[in-house]
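Let me begin by presenting the structure, written as structure tokens, before commenting on it.
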Amino acid sequence: TTYDFATVTFLTTTSASNQSWSVPADWDDASSIVEVVSHGANGSNGDTVDFGGAGGGGGGYAKATALDLTPSGTATYRLRAANAGAGTANASWFNGTTLAGSSVGIQGADGSTGAPTTSGVGSTLRAGGAGGTNGGGESGGGGGGAAGIAGVGGAGANAIGLDGGAGGTGDGGATVAGANGTQWYATHGSGGGGAGGSGAANPGNAGGLYGAGGGGGGRDSVGGAGKQALIVVTYT
């Protein structure tokens with residue numbers, strides 16, 4: 001009997017510049033899968049007078065299979081930190097010097113806007129969840145969840161009165177709000193969005209790893225931190 005075991009590599013070191021990954025000598029194009037979860041955004045701070053902040057948007061998901069790489073060669077990638085902003089230059093991707101020239105990649109979240117699939121590269125593209133609003137009051141909106149293997153990122157809820165908005169779920173509901181994702185083993189996955197701060201002087205909660213948006217801060221409080229992007233490289 002022959003058993004084939006997958007080799008899985010997690011790329012987690014972020015940079016505003018391109019980085020290089022050393023392709024293993026036993027790389028197999030046909031069995032390869034590369035998945036990207038892009039960055040989430042921080043929740044907005046509440047103001048000092050009346051209102052809470054909006055939740056940050058969640059990161060998107062892109063997947064490609066059967067990548068043509070040279071064994072013992074190198075592949076160029078870009079992996080962005082949380083709150084890196086909008087646009088293709090701030091996207092995360094693999095096997096290329098730009099998003100458009102890569103094999104797989106997707107833009108990140110910006111403010112309360114979840115990561116879009118526009119300009120994304122890959123056979124599967126899923127959008128991140130939008131951050132919730134302050135609902136016209138002093139509490140913060142919930143952060144958006146990150147998209148993943150199973151589905152899109154869930155939208156953060158709007159705040160209601162003195163109750164901060166709940167964070168959106170990650171990966172089509174597979175990750176609960178505020179939690180780290182566990183889609184790839186127990187340590188890496190698509191995170192759930194952080195809850196908004198409830199009322200004055202209550203900060204927003206951080207989103208979960210990877211790619212989730214932070215909750216908006218309550219009045220006179222800071223927003224919660226969004227989370228960085230992730231690249232997962234798998235081959236048999």
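By convention in this document, the chains of the structure tokens carry letters A, B, ... by their order, each chain's residues are numbered from 1, and ligands are numbered from 1 in the order they are shown.
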
Name all residues at most 8 Å from Gly140 in chain A (count only C-alpha atoms; drop same-chain ones fewer than 4 positions away) and give them as a PDB file with C-alpha atoms, in the first residue's frame.
```pdb
ATOM      1  CA  GLY A  46     -14.993  56.523  18.188  1.00  0.00           C
ATOM      2  CA  GLY A  52     -18.724  55.182  17.993  1.00  0.00           C
ATOM      3  CA  GLY A  53     -16.600  53.962  15.107  1.00  0.00           C
ATOM      4  CA  ALA A  54     -17.333  51.598  12.245  1.00  0.00           C
ATOM      5  CA  GLY A  55     -15.999  48.056  12.222  1.00  0.00           C
ATOM      6  CA  GLY A 132     -20.871  47.343  10.710  1.00  0.00           C
ATOM      7  CA  THR A 133     -21.787  50.969  11.426  1.00  0.00           C
ATOM      8  CA  ASN A 134     -22.292  52.763  14.733  1.00  0.00           C
ATOM      9  CA  ASN A 158     -24.447  47.519  13.216  1.00  0.00           C
ATOM     10  CA  ALA A 159     -24.411  48.825  16.774  1.00  0.00           C
ATOM     11  CA  GLY A 164     -21.749  47.246  20.131  1.00  0.00           C
ATOM     12  CA  GLY A 165     -22.307  45.323  16.920  1.00  0.00           C
ATOM     13  CA  ALA A 195     -17.180  42.951  18.292  1.00  0.00           C
ATOM     14  CA  GLY A 196     -17.704  46.685  18.518  1.00  0.00           C
ATOM     15  CA  GLY A 197     -17.229  48.551  21.792  1.00  0.00           C
ATOM     16  CA  SER A 198     -20.463  48.961  23.768  1.00  0.00           C
ATOM     17  CA  GLY A 199     -21.011  52.570  24.744  1.00  0.00           C
ATOM     18  CA  GLY A 204     -13.459  47.673  19.892  1.00  0.00           C
ATOM     19  CA  GLY A 215     -14.569  46.103  15.920  1.00  0.00           C
ATOM     20  CA  GLY A 216     -15.247  49.841  16.016  1.00  0.00           C
ATOM     21  CA  GLY A 217     -14.459  51.677  19.215  1.00  0.00           C
ATOM     22  CA  GLY A 218     -17.180  53.110  21.393  1.00  0.00           C
ATOM     23  CA  ARG A 219     -17.343  56.861  21.859  1.00  0.00           C
ATOM     24  CA  GLY A 223     -11.058  50.562  17.360  1.00  0.00           C
TER      25      GLY A 223
END
```

Show which residues sit within 8 Å of Leu230 in chain A, as a short mmCIF file (atom, residue, chain, number, x, y, z; two decimals) with all heavy atoms, in the first residue's frame. Count only C-alpha atoms, and ignore same-chain residues fewer than 6 positions away.
```
data_model
loop_
_atom_site.label_atom_id
_atom_site.label_comp_id
_atom_site.auth_asym_id
_atom_site.auth_seq_id
_atom_site.Cartn_x
_atom_site.Cartn_y
_atom_site.Cartn_z
N PHE A 10 2.96 27.38 5.70
CA PHE A 10 2.25 28.62 6.00
C PHE A 10 3.21 29.79 5.88
O PHE A 10 4.24 29.82 6.56
CB PHE A 10 1.66 28.58 7.42
CG PHE A 10 0.68 27.47 7.65
CD1 PHE A 10 1.01 26.39 8.47
CD2 PHE A 10 -0.56 27.49 7.05
CE1 PHE A 10 0.11 25.37 8.69
CE2 PHE A 10 -1.47 26.46 7.26
CZ PHE A 10 -1.13 25.40 8.07
N LEU A 11 2.90 30.75 5.03
CA LEU A 11 3.69 31.96 4.89
C LEU A 11 3.01 33.05 5.72
O LEU A 11 1.86 33.42 5.45
CB LEU A 11 3.79 32.39 3.43
CG LEU A 11 4.40 31.33 2.49
CD1 LEU A 11 4.44 31.87 1.06
CD2 LEU A 11 5.78 30.91 2.94
N THR A 12 3.71 33.55 6.75
CA THR A 12 3.09 34.48 7.69
C THR A 12 3.91 35.75 7.94
O THR A 12 3.45 36.63 8.68
CB THR A 12 2.86 33.79 9.05
OG1 THR A 12 4.11 33.33 9.57
CG2 THR A 12 1.90 32.61 8.91
N VAL A 36 -4.85 32.02 -0.52
CA VAL A 36 -4.50 33.32 0.05
C VAL A 36 -5.70 33.88 0.81
O VAL A 36 -6.80 33.93 0.28
CB VAL A 36 -4.09 34.32 -1.05
CG1 VAL A 36 -3.74 35.68 -0.44
CG2 VAL A 36 -2.92 33.79 -1.87
N VAL A 37 -5.47 34.29 2.06
CA VAL A 37 -6.43 35.07 2.82
C VAL A 37 -5.83 36.46 2.98
O VAL A 37 -4.75 36.60 3.55
CB VAL A 37 -6.71 34.45 4.21
CG1 VAL A 37 -7.69 35.33 4.99
CG2 VAL A 37 -7.26 33.04 4.08
N SER A 38 -6.48 37.48 2.46
CA SER A 38 -5.90 38.82 2.49
C SER A 38 -6.18 39.51 3.84
O SER A 38 -6.91 38.99 4.68
CB SER A 38 -6.43 39.67 1.32
OG SER A 38 -7.83 39.84 1.40
N HIS A 39 -5.58 40.68 4.02
CA HIS A 39 -5.61 41.35 5.32
C HIS A 39 -6.97 41.95 5.64
O HIS A 39 -7.72 42.37 4.77
CB HIS A 39 -4.55 42.45 5.38
CG HIS A 39 -4.81 43.60 4.45
ND1 HIS A 39 -4.28 43.67 3.18
CD2 HIS A 39 -5.54 44.74 4.61
CE1 HIS A 39 -4.67 44.80 2.60
NE2 HIS A 39 -5.44 45.47 3.45
N LEU A 79 2.86 39.49 0.99
CA LEU A 79 1.96 39.19 2.11
C LEU A 79 1.86 40.43 2.98
O LEU A 79 2.85 40.88 3.56
CB LEU A 79 2.50 38.01 2.92
CG LEU A 79 1.57 37.46 3.99
CD1 LEU A 79 0.40 36.73 3.34
CD2 LEU A 79 2.31 36.51 4.93
N TYR A 210 -6.91 34.37 10.58
CA TYR A 210 -6.22 35.42 9.84
C TYR A 210 -7.24 36.26 9.07
O TYR A 210 -8.29 35.76 8.70
CB TYR A 210 -5.22 34.80 8.87
CG TYR A 210 -3.96 34.30 9.56
CD1 TYR A 210 -3.97 33.08 10.22
CD2 TYR A 210 -2.80 35.05 9.58
CE1 TYR A 210 -2.82 32.64 10.87
CE2 TYR A 210 -1.65 34.60 10.21
CZ TYR A 210 -1.67 33.40 10.87
OH TYR A 210 -0.57 32.95 11.51
N GLY A 211 -6.91 37.53 8.83
CA GLY A 211 -7.67 38.35 7.91
C GLY A 211 -8.94 39.00 8.38
O GLY A 211 -9.61 39.66 7.59
#
```

(request) Pick out the closest residue to Val176 in chain A from this set: A:Gly208, A:Gly131, A:Gly148, A:Pro71. Count only C-alpha atoms. (result)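 Closest residue, counting only C-alpha atoms: A:Gly208.
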
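By chain and then residue number, the residues within 8 Å of Gly214 in chain A are A:Gly40, A:Ala41, A:Asn42, A:Gly43, A:Gly55, A:Gly56, A:Gly57, A:Gly142, A:Gly143, A:Gly144, A:Gly193, A:Gly194, A:Ala195, A:Gly196, A:Gly204, A:Asn205, A:Ala206, A:Gly207, A:Gly223, A:Gly224, A:Ala225, A:Gly226, A:Lys227, counting only C-alpha atoms and disregarding those fewer than 3 positions away in sequence.
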
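What separates CA of Val222 in chain A from CA of Ser44 in chain A is a distance of 6.9 Å.
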
Counting only C-alpha atoms, which residues of range 45-85 of chain A sit at most 10 Å from some atom of range 116-125 of chain A, and what is each one's closest atom pair with its distance in Å to one decimal, listed by chain and rising residue number, as JSON lines?
```
{"residue": "A:Gly58", "atom": "CA", "partner": "A:Pro116", "partner_atom": "CA", "distance": 9.7}
{"residue": "A:Gly59", "atom": "CA", "partner": "A:Pro116", "partner_atom": "CA", "distance": 8.4}
{"residue": "A:Gly60", "atom": "CA", "partner": "A:Pro116", "partner_atom": "CA", "distance": 6.8}
{"residue": "A:Tyr61", "atom": "CA", "partner": "A:Leu125", "partner_atom": "CA", "distance": 5.7}
{"residue": "A:Ala62", "atom": "CA", "partner": "A:Leu125", "partner_atom": "CA", "distance": 4.6}
{"residue": "A:Lys63", "atom": "CA", "partner": "A:Thr124", "partner_atom": "CA", "distance": 5.1}
{"residue": "A:Ala64", "atom": "CA", "partner": "A:Gly122", "partner_atom": "CA", "distance": 4.9}
{"residue": "A:Thr65", "atom": "CA", "partner": "A:Ser123", "partner_atom": "CA", "distance": 7.7}
```

Going by DSSP on the backbone, which bits of range 19-163 of chain A are strand (DSSP E)? Write them as a CSV table (one decimal) with all heavy atoms, in the first residue's frame, please.
```csv
chain,number,residue,atom,x,y,z
A,19,GLN,N,8.6,39.2,-1.5
A,19,GLN,CA,9.5,38.2,-0.8
A,19,GLN,C,9.6,37.0,-1.7
A,19,GLN,O,8.9,36.8,-2.7
A,19,GLN,CB,8.9,37.8,0.6
A,19,GLN,CG,8.6,39.0,1.5
A,19,GLN,CD,8.1,38.5,2.8
A,19,GLN,OE1,8.8,37.9,3.6
A,19,GLN,NE2,6.8,38.9,3.1
A,20,SER,N,10.6,36.1,-1.3
A,20,SER,CA,10.9,34.9,-2.1
A,20,SER,C,10.7,33.7,-1.3
A,20,SER,O,11.1,33.6,-0.1
A,20,SER,CB,12.3,34.9,-2.7
A,20,SER,OG,12.4,36.0,-3.7
A,21,TRP,N,10.1,32.7,-1.9
A,21,TRP,CA,9.9,31.4,-1.3
A,21,TRP,C,10.7,30.3,-2.1
A,21,TRP,O,10.6,30.3,-3.3
A,21,TRP,CB,8.4,31.0,-1.3
A,21,TRP,CG,8.1,29.7,-0.6
A,21,TRP,CD1,8.2,29.4,0.7
A,21,TRP,CD2,7.6,28.5,-1.2
A,21,TRP,NE1,7.8,28.1,1.0
A,21,TRP,CE2,7.5,27.5,-0.2
A,21,TRP,CE3,7.3,28.2,-2.6
A,21,TRP,CZ2,7.0,26.2,-0.5
A,21,TRP,CZ3,6.8,26.9,-2.8
A,21,TRP,CH2,6.7,26.0,-1.8
A,22,SER,N,11.4,29.5,-1.4
A,22,SER,CA,12.2,28.5,-2.0
A,22,SER,C,11.3,27.3,-2.3
A,22,SER,O,10.8,26.6,-1.4
A,22,SER,CB,13.4,28.1,-1.1
A,22,SER,OG,14.3,29.1,-0.9
A,33,ILE,N,-1.8,23.2,-4.4
A,33,ILE,CA,-2.9,24.1,-4.1
A,33,ILE,C,-2.2,25.3,-3.3
A,33,ILE,O,-1.5,25.1,-2.4
A,33,ILE,CB,-3.9,23.5,-3.2
A,33,ILE,CG1,-4.5,22.2,-3.8
A,33,ILE,CG2,-5.0,24.5,-2.9
A,33,ILE,CD1,-5.4,21.4,-2.9
A,34,VAL,N,-2.5,26.5,-3.8
A,34,VAL,CA,-2.1,27.7,-3.0
A,34,VAL,C,-3.3,28.5,-2.7
A,34,VAL,O,-4.1,28.8,-3.6
A,34,VAL,CB,-1.1,28.5,-3.8
A,34,VAL,CG1,-0.7,29.8,-3.0
A,34,VAL,CG2,0.2,27.7,-4.1
A,35,GLU,N,-3.5,28.9,-1.5
A,35,GLU,CA,-4.6,29.7,-1.0
A,35,GLU,C,-4.1,30.9,-0.3
A,35,GLU,O,-3.1,30.9,0.4
A,35,GLU,CB,-5.5,28.8,0.0
A,35,GLU,CG,-6.1,27.6,-0.7
A,35,GLU,CD,-6.5,26.5,0.3
A,35,GLU,OE1,-5.6,25.8,0.8
A,35,GLU,OE2,-7.7,26.4,0.5
A,36,VAL,N,-4.9,32.0,-0.5
A,36,VAL,CA,-4.5,33.3,0.1
A,36,VAL,C,-5.7,33.9,0.8
A,36,VAL,O,-6.8,33.9,0.3
A,36,VAL,CB,-4.1,34.3,-1.0
A,36,VAL,CG1,-3.7,35.7,-0.4
A,36,VAL,CG2,-2.9,33.8,-1.9
A,37,VAL,N,-5.5,34.3,2.1
A,37,VAL,CA,-6.4,35.1,2.8
A,37,VAL,C,-5.8,36.5,3.0
A,37,VAL,O,-4.8,36.6,3.6
A,37,VAL,CB,-6.7,34.5,4.2
A,37,VAL,CG1,-7.7,35.3,5.0
A,37,VAL,CG2,-7.3,33.0,4.1
A,61,TYR,N,-10.5,35.8,0.0
A,61,TYR,CA,-9.9,34.5,-0.2
A,61,TYR,C,-9.8,34.2,-1.6
A,61,TYR,O,-10.7,34.5,-2.5
A,61,TYR,CB,-10.8,33.4,0.4
A,61,TYR,CG,-10.4,32.0,0.1
A,61,TYR,CD1,-9.5,31.3,0.9
A,61,TYR,CD2,-11.0,31.2,-0.9
A,61,TYR,CE1,-9.1,30.0,0.7
A,61,TYR,CE2,-10.7,29.9,-1.2
A,61,TYR,CZ,-9.8,29.3,-0.4
A,61,TYR,OH,-9.4,28.0,-0.6
A,62,ALA,N,-8.6,33.6,-2.0
A,62,ALA,CA,-8.3,33.2,-3.4
A,62,ALA,C,-7.6,31.9,-3.4
A,62,ALA,O,-6.8,31.6,-2.5
A,62,ALA,CB,-7.4,34.3,-4.1
A,63,LYS,N,-7.9,31.1,-4.4
A,63,LYS,CA,-7.3,29.7,-4.5
A,63,LYS,C,-7.0,29.4,-5.9
A,63,LYS,O,-7.7,29.8,-6.8
A,63,LYS,CB,-8.4,28.7,-4.0
A,63,LYS,CG,-7.9,27.2,-4.2
A,63,LYS,CD,-9.1,26.3,-3.7
A,63,LYS,CE,-8.8,24.8,-3.9
A,63,LYS,NZ,-9.9,24.0,-3.5
A,64,ALA,N,-5.8,28.7,-6.1
A,64,ALA,CA,-5.4,28.2,-7.4
A,64,ALA,C,-4.8,26.8,-7.2
A,64,ALA,O,-4.3,26.5,-6.2
A,64,ALA,CB,-4.4,29.2,-8.0
A,65,THR,N,-5.0,26.0,-8.2
A,65,THR,CA,-4.4,24.7,-8.2
A,65,THR,C,-3.5,24.4,-9.4
A,65,THR,O,-3.5,25.2,-10.3
A,65,THR,CB,-5.6,23.6,-8.3
A,65,THR,OG1,-6.3,23.8,-9.5
A,65,THR,CG2,-6.5,23.8,-7.1
A,74,THR,N,12.6,29.4,-7.1
A,74,THR,CA,12.0,30.4,-6.2
A,74,THR,C,10.7,30.9,-6.8
A,74,THR,O,10.5,30.9,-8.0
A,74,THR,CB,12.9,31.6,-5.9
A,74,THR,OG1,13.2,32.3,-7.1
A,74,THR,CG2,14.2,31.1,-5.2
A,75,ALA,N,9.8,31.3,-5.9
A,75,ALA,CA,8.5,31.9,-6.2
A,75,ALA,C,8.4,33.2,-5.5
A,75,ALA,O,8.7,33.3,-4.3
A,75,ALA,CB,7.3,31.0,-5.9
A,76,THR,N,8.0,34.3,-6.1
A,76,THR,CA,7.9,35.6,-5.5
A,76,THR,C,6.5,35.8,-5.0
A,76,THR,O,5.5,35.4,-5.7
A,76,THR,CB,8.2,36.7,-6.6
A,76,THR,OG1,9.5,36.5,-7.0
A,76,THR,CG2,8.0,38.1,-5.9
A,77,TYR,N,6.3,36.3,-3.8
A,77,TYR,CA,5.0,36.6,-3.2
A,77,TYR,C,5.0,37.9,-2.5
A,77,TYR,O,6.0,38.4,-2.1
A,77,TYR,CB,4.6,35.4,-2.3
A,77,TYR,CG,5.4,35.3,-1.0
A,77,TYR,CD1,4.9,35.8,0.2
A,77,TYR,CD2,6.6,34.6,-1.0
A,77,TYR,CE1,5.6,35.7,1.3
A,77,TYR,CE2,7.3,34.4,0.2
A,77,TYR,CZ,6.8,35.0,1.4
A,77,TYR,OH,7.5,34.9,2.5
A,78,ARG,N,3.8,38.3,-2.2
A,78,ARG,CA,3.6,39.5,-1.3
A,78,ARG,C,2.6,39.2,-0.3
A,78,ARG,O,1.5,38.6,-0.6
A,78,ARG,CB,3.2,40.7,-2.1
A,78,ARG,CG,3.1,42.0,-1.2
A,78,ARG,CD,3.0,43.3,-2.0
A,78,ARG,NE,4.2,43.6,-2.7
A,78,ARG,CZ,4.4,44.8,-3.3
A,78,ARG,NH1,3.5,45.7,-3.3
A,78,ARG,NH2,5.5,45.0,-4.0
A,92,SER,N,-2.4,40.7,-1.4
A,92,SER,CA,-1.5,39.6,-1.1
A,92,SER,C,-1.6,38.6,-2.3
A,92,SER,O,-2.7,38.3,-2.7
A,92,SER,CB,-1.8,39.0,0.2
A,92,SER,OG,-1.6,39.8,1.3
A,93,TRP,N,-0.4,38.1,-2.7
A,93,TRP,CA,-0.4,37.2,-3.9
A,93,TRP,C,0.7,36.2,-3.8
A,93,TRP,O,1.6,36.4,-3.0
A,93,TRP,CB,-0.4,38.0,-5.2
A,93,TRP,CG,0.8,38.8,-5.4
A,93,TRP,CD1,2.0,38.3,-5.8
A,93,TRP,CD2,0.9,40.2,-5.3
A,93,TRP,NE1,2.9,39.4,-6.0
A,93,TRP,CE2,2.3,40.6,-5.6
A,93,TRP,CE3,0.1,41.2,-4.9
A,93,TRP,CZ2,2.7,41.9,-5.6
A,93,TRP,CZ3,0.5,42.5,-4.9
A,93,TRP,CH2,1.8,42.8,-5.3
A,94,PHE,N,0.7,35.3,-4.7
A,94,PHE,CA,1.8,34.3,-4.8
A,94,PHE,C,2.2,34.0,-6.3
A,94,PHE,O,1.3,33.9,-7.1
A,94,PHE,CB,1.3,32.9,-4.2
A,94,PHE,CG,2.4,31.9,-4.1
A,94,PHE,CD1,3.3,31.9,-3.0
A,94,PHE,CD2,2.5,30.9,-5.0
A,94,PHE,CE1,4.3,30.9,-2.9
A,94,PHE,CE2,3.4,29.9,-4.9
A,94,PHE,CZ,4.3,29.9,-3.9
A,104,VAL,N,-2.1,33.5,-8.1
A,104,VAL,CA,-3.2,33.6,-7.2
A,104,VAL,C,-3.1,34.7,-6.2
A,104,VAL,O,-2.0,35.0,-5.8
A,104,VAL,CB,-3.4,32.2,-6.4
A,104,VAL,CG1,-2.1,31.9,-5.6
A,104,VAL,CG2,-4.6,32.3,-5.5
A,105,GLY,N,-4.1,35.5,-6.0
A,105,GLY,CA,-4.1,36.6,-5.0
A,105,GLY,C,-5.3,37.4,-5.0
A,105,GLY,O,-6.2,37.2,-5.9
A,106,ILE,N,-5.4,38.3,-4.0
A,106,ILE,CA,-6.7,39.1,-3.8
A,106,ILE,C,-6.4,40.3,-3.0
A,106,ILE,O,-5.5,40.3,-2.2
A,106,ILE,CB,-7.8,38.2,-3.1
A,106,ILE,CG1,-9.1,38.9,-3.2
A,106,ILE,CG2,-7.4,37.8,-1.7
A,106,ILE,CD1,-10.3,37.9,-2.9
A,124,THR,N,-10.9,30.2,-7.5
A,124,THR,CA,-12.0,30.5,-6.5
A,124,THR,C,-11.6,31.8,-5.9
A,124,THR,O,-10.5,32.1,-5.4
A,124,THR,CB,-12.0,29.4,-5.4
A,124,THR,OG1,-12.3,28.2,-6.0
A,124,THR,CG2,-13.1,29.8,-4.4
A,125,LEU,N,-12.6,32.8,-5.9
A,125,LEU,CA,-12.4,34.1,-5.3
A,125,LEU,C,-13.7,34.4,-4.4
A,125,LEU,O,-14.8,34.2,-4.8
A,125,LEU,CB,-12.3,35.2,-6.3
A,125,LEU,CG,-11.1,35.1,-7.3
A,125,LEU,CD1,-11.3,36.1,-8.4
A,125,LEU,CD2,-9.8,35.3,-6.5
A,126,ARG,N,-13.4,34.8,-3.1
A,126,ARG,CA,-14.5,35.1,-2.2
A,126,ARG,C,-14.2,36.4,-1.5
A,126,ARG,O,-13.1,36.6,-1.1
A,126,ARG,CB,-14.7,34.0,-1.2
A,126,ARG,CG,-15.1,32.6,-1.9
A,126,ARG,CD,-15.5,31.6,-0.8
A,126,ARG,NE,-16.0,30.4,-1.5
A,126,ARG,CZ,-15.4,29.2,-1.5
A,126,ARG,NH1,-14.3,29.0,-0.8
A,126,ARG,NH2,-16.0,28.2,-2.1
```

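Taking only C-alpha atoms into account, Gly87 in chain A lies nearest to A:Asp110 out of the set A:Asp47, A:Asp26, A:Asp110, A:Asp171.
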
Non-local contacts of Gly192 in chain A (7 Å; only C-alpha atoms; under 3 positions in same chain excluded) as a compact mmCIF listing (two decimals) with N, CA and C atoms, in the first residue's frame:
```txt
# COMPACT_ATOMS: atom_id res chain seq x y z
N GLY A 145 -15.86 39.44 8.99
CA GLY A 145 -15.11 38.19 9.01
C GLY A 145 -14.33 37.98 7.72
N ALA A 146 -13.31 37.16 7.79
CA ALA A 146 -12.51 36.83 6.62
C ALA A 146 -13.14 35.69 5.84
N GLY A 167 -19.34 40.87 15.76
CA GLY A 167 -18.46 40.65 14.62
C GLY A 167 -19.08 39.66 13.65
N GLY A 168 -18.64 39.72 12.39
CA GLY A 168 -19.10 38.76 11.39
C GLY A 168 -18.35 37.45 11.50
N THR A 169 -19.00 36.37 11.12
CA THR A 169 -18.33 35.07 11.14
C THR A 169 -17.31 34.96 10.01
N GLY A 170 -16.32 34.11 10.19
CA GLY A 170 -15.35 33.86 9.15
C GLY A 170 -15.69 32.62 8.35
N THR A 175 -16.06 29.89 11.24
CA THR A 175 -15.35 30.48 12.37
C THR A 175 -16.28 31.46 13.07
N VAL A 176 -16.45 31.31 14.38
CA VAL A 176 -17.34 32.21 15.11
C VAL A 176 -16.71 33.59 15.22
N ALA A 177 -17.53 34.59 15.49
CA ALA A 177 -17.07 35.96 15.59
C ALA A 177 -15.97 36.09 16.64
N GLY A 178 -14.91 36.80 16.27
CA GLY A 178 -13.82 37.08 17.19
C GLY A 178 -12.80 35.98 17.37
N ALA A 179 -13.04 34.81 16.80
CA ALA A 179 -12.15 33.67 17.01
C ALA A 179 -11.10 33.56 15.90
N ASN A 180 -9.99 32.90 16.23
CA ASN A 180 -9.00 32.55 15.22
C ASN A 180 -9.52 31.38 14.40
N GLY A 207 -10.06 41.45 15.72
CA GLY A 207 -10.52 40.34 14.89
C GLY A 207 -9.65 39.12 15.11
N GLY A 208 -10.09 37.98 14.57
CA GLY A 208 -9.34 36.74 14.70
C GLY A 208 -8.38 36.53 13.54
N ALA A 212 -9.30 38.87 9.66
CA ALA A 212 -10.57 39.44 10.12
C ALA A 212 -10.42 40.92 10.44
```

(request) List every residue of range 18-205 of chain A that DSSP, applied to the backbone, labels as helix (DSSP H, G or I), and write the result as a ChimeraX atom specification. (result) /A:88-90,171-173

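Distance check against Ser103 in chain A using only C-alpha atoms: of A:Leu69, A:Val152, A:Asp220, A:Thr13, the minimum falls on A:Leu69.
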